[in-house]
Amino acid sequence: GAVVSQHPSWVICKSGTSVKIECRSLDFQATTMFWYRQFPKQSLMLMATSNEGSKATYEQGVEKDKFLINHASLTLSTLTVTSAHPEDSSFYICSAIPRDRGYNEQFFGPGTRLTVL
Amino acid sequence: GEDVEQSLFLSVREGDSSVINCTYTDSSSTYLYWYKQEPGAGLQLLTYIFSNMDMKQDQRLTVLLNKKDKHLSLRIADTQTGDSAIYFCAESFGGNNRKLIWGLGTSLAVNP
């Protein structure tokens, strides 16, 4: 149980286009999901906290207009990278907390590799 | 500021014990975690320890926390080839422990 999926697993796009990444909790409901990005040989950086039915909370330095987050249901959060540029190329990872569990238990998706040409 | 450091690589023989070390700078963390990342799979929580504990054991895994030195370690007994992965140390902050600060990860290679 507690499986989180991400789609797509990898994507290549042209500079200036927008890319949407989906994060789904497959067998549980999650009121809270997190979005991270990971650059090569660097640690995971929390980008934002996605709360079902309300606005996402962004970490300092993360542009909310560039990284749009929508948590429309208890099993789906989406991250849209708008007007992507090569510097947005990274590994994006989401995690979800089951609504009946404490915050110690985050379940992670397998990640999405974004390459912007 | 908050910072978590780990050595990047560790190589052991199958059957030996592995010890992965982590140091952190902020003593106000509430929980410290070890996650495992295998290629193509999501990060898997292995174990975590509350900051007022010294040790936690779970089957082959032993976590030691030295709060005075801000040092956390993960010992894997009888290491198997399936244990080859990247291991991340992380610490959480805040009243709801939601924000995790991560190390760079230690790549463990288990040689037969």
# chains A, B, ... in the order shown; residues from 1 in each chain; ligands from 1
$ interface_residues --of "chain A" --to "chain B" --cutoff "12 Å" --atoms "only C-alpha atoms" --output "ChimeraX atom specification"
/A:2-6,9-10,23,32-50,57-59,91-97,101-113
$ select_by_dssp --residues "chain B" --states "strand (DSSP E)" --output "PyMOL selection string"
chain B and resi 4-6+9-13+18-24+31-37+44-50+55-58+61-66+71-76+85-93+99-102+106-111
$ atom_distance --atom1 "atom CA of Val19 of chain A" --atom2 "atom CA of Pro86 of chain A"
12.7 Å
$ atom_distance --atom1 "atom CA of Ile49 of chain B" --atom2 "atom CA of Thr62 of chain B"
10.4 Å
$ residues_around --residues "segment 13-17 of chain A" --least-positions-apart "6" --cutoff "9 Å" --atoms "only C-alpha atoms" --output "PyMOL selection string"
chain A and resi 81-86+114-117
$ atom_distance --atom1 "atom CA of Leu64 of chain B" --atom2 "atom CA of Glu91 of chain B"
14.1 Å
$ residues_around --residues "Val110 of chain B" --least-positions-apart "6" --cutoff "10 Å" --atoms "only C-alpha atoms" --output "MDAnalysis selection string"
chainID B and resid 10:16 18 79:85
$ write_last_selection --atoms "N, CA and C atoms" --output "PDB file, in the first residue's frame"
ATOM      1  N   LEU B  10      30.240   4.679  -0.620  1.00  0.00           N
ATOM      2  CA  LEU B  10      30.671   3.640   0.306  1.00  0.00           C
ATOM      3  C   LEU B  10      30.616   2.323  -0.441  1.00  0.00           C
ATOM      4  N   SER B  11      31.675   1.538  -0.304  1.00  0.00           N
ATOM      5  CA  SER B  11      31.728   0.234  -0.949  1.00  0.00           C
ATOM      6  C   SER B  11      32.033  -0.819   0.103  1.00  0.00           C
ATOM      7  N   VAL B  12      31.236  -1.886   0.119  1.00  0.00           N
ATOM      8  CA  VAL B  12      31.429  -2.956   1.102  1.00  0.00           C
ATOM      9  C   VAL B  12      31.297  -4.301   0.405  1.00  0.00           C
ATOM     10  N   ARG B  13      31.768  -5.328   1.077  1.00  0.00           N
ATOM     11  CA  ARG B  13      31.600  -6.696   0.576  1.00  0.00           C
ATOM     12  C   ARG B  13      30.284  -7.261   1.093  1.00  0.00           C
ATOM     13  N   GLU B  14      29.702  -8.105   0.310  1.00  0.00           N
ATOM     14  CA  GLU B  14      28.471  -8.783   0.717  1.00  0.00           C
ATOM     15  C   GLU B  14      28.710  -9.546   2.011  1.00  0.00           C
ATOM     16  N   GLY B  15      27.782  -9.384   2.943  1.00  0.00           N
ATOM     17  CA  GLY B  15      27.915 -10.059   4.229  1.00  0.00           C
ATOM     18  C   GLY B  15      28.528  -9.194   5.314  1.00  0.00           C
ATOM     19  N   ASP B  16      29.278  -8.173   4.902  1.00  0.00           N
ATOM     20  CA  ASP B  16      29.857  -7.257   5.883  1.00  0.00           C
ATOM     21  C   ASP B  16      28.784  -6.282   6.366  1.00  0.00           C
ATOM     22  N   SER B  18      27.599  -2.354   6.869  1.00  0.00           N
ATOM     23  CA  SER B  18      27.801  -1.034   6.263  1.00  0.00           C
ATOM     24  C   SER B  18      27.444   0.018   7.299  1.00  0.00           C
ATOM     25  N   THR B  79      25.157  -6.965   4.973  1.00  0.00           N
ATOM     26  CA  THR B  79      24.754  -6.233   3.768  1.00  0.00           C
ATOM     27  C   THR B  79      24.635  -7.164   2.567  1.00  0.00           C
ATOM     28  N   GLN B  80      23.558  -7.001   1.825  1.00  0.00           N
ATOM     29  CA  GLN B  80      23.280  -7.828   0.655  1.00  0.00           C
ATOM     30  C   GLN B  80      23.372  -6.971  -0.620  1.00  0.00           C
ATOM     31  N   THR B  81      23.472  -7.636  -1.752  1.00  0.00           N
ATOM     32  CA  THR B  81      23.556  -6.888  -3.019  1.00  0.00           C
ATOM     33  C   THR B  81      22.297  -6.056  -3.251  1.00  0.00           C
ATOM     34  N   GLY B  82      21.185  -6.513  -2.730  1.00  0.00           N
ATOM     35  CA  GLY B  82      19.950  -5.749  -2.861  1.00  0.00           C
ATOM     36  C   GLY B  82      19.930  -4.470  -2.046  1.00  0.00           C
ATOM     37  N   ASP B  83      20.924  -4.311  -1.192  1.00  0.00           N
ATOM     38  CA  ASP B  83      21.012  -3.073  -0.411  1.00  0.00           C
ATOM     39  C   ASP B  83      21.716  -1.966  -1.201  1.00  0.00           C
ATOM     40  N   SER B  84      22.258  -2.296  -2.356  1.00  0.00           N
ATOM     41  CA  SER B  84      22.922  -1.283  -3.191  1.00  0.00           C
ATOM     42  C   SER B  84      21.900  -0.231  -3.593  1.00  0.00           C
ATOM     43  N   ALA B  85      22.179   1.005  -3.237  1.00  0.00           N
ATOM     44  CA  ALA B  85      21.235   2.098  -3.498  1.00  0.00           C
ATOM     45  C   ALA B  85      21.883   3.389  -3.014  1.00  0.00           C
TER      46      ALA B  85
END
$ closest_residue --among "B:Asn21, B:Ser29, B:Asp3, B:Asn52" --to "Ser73 of chain B" --atoms "only C-alpha atoms"
B:Asn21
$ closest_residue --among "B:Leu46, B:Phe9, B:Asp26, B:Arg60" --to "Ile76 of chain B" --atoms "only C-alpha atoms"
B:Arg60
$ closest_residue --among "A:Val62, A:Thr80, A:Glu52, A:Leu68" --to "Gln29 of chain A" --atoms "only C-alpha atoms"
A:Glu52
$ residues_around --residues "Phe28 of chain A" --least-positions-apart "2" --cutoff "8 Å" --atoms "only C-alpha atoms" --output "PDB file with C-alpha atoms, in the first residue's frame"
ATOM      1  CA  GLY A   1       0.000   0.000   0.000  1.00  0.00           C
ATOM      2  CA  ALA A   2       0.858   3.730  -0.009  1.00  0.00           C
ATOM      3  CA  VAL A   3       1.978   3.955  -3.619  1.00  0.00           C
ATOM      4  CA  SER A  25      -1.642   8.675  -4.639  1.00  0.00           C
ATOM      5  CA  LEU A  26      -2.911   5.358  -5.933  1.00  0.00           C
ATOM      6  CA  ALA A  30      -3.624  12.675   0.685  1.00  0.00           C
ATOM      7  CA  THR A  75      -5.405  11.817  -4.923  1.00  0.00           C
ATOM      8  CA  PRO A  98      -1.883   9.745   3.880  1.00  0.00           C
ATOM      9  CA  ARG A  99      -4.630  11.713   5.569  1.00  0.00           C
TER      10      ARG A  99
END
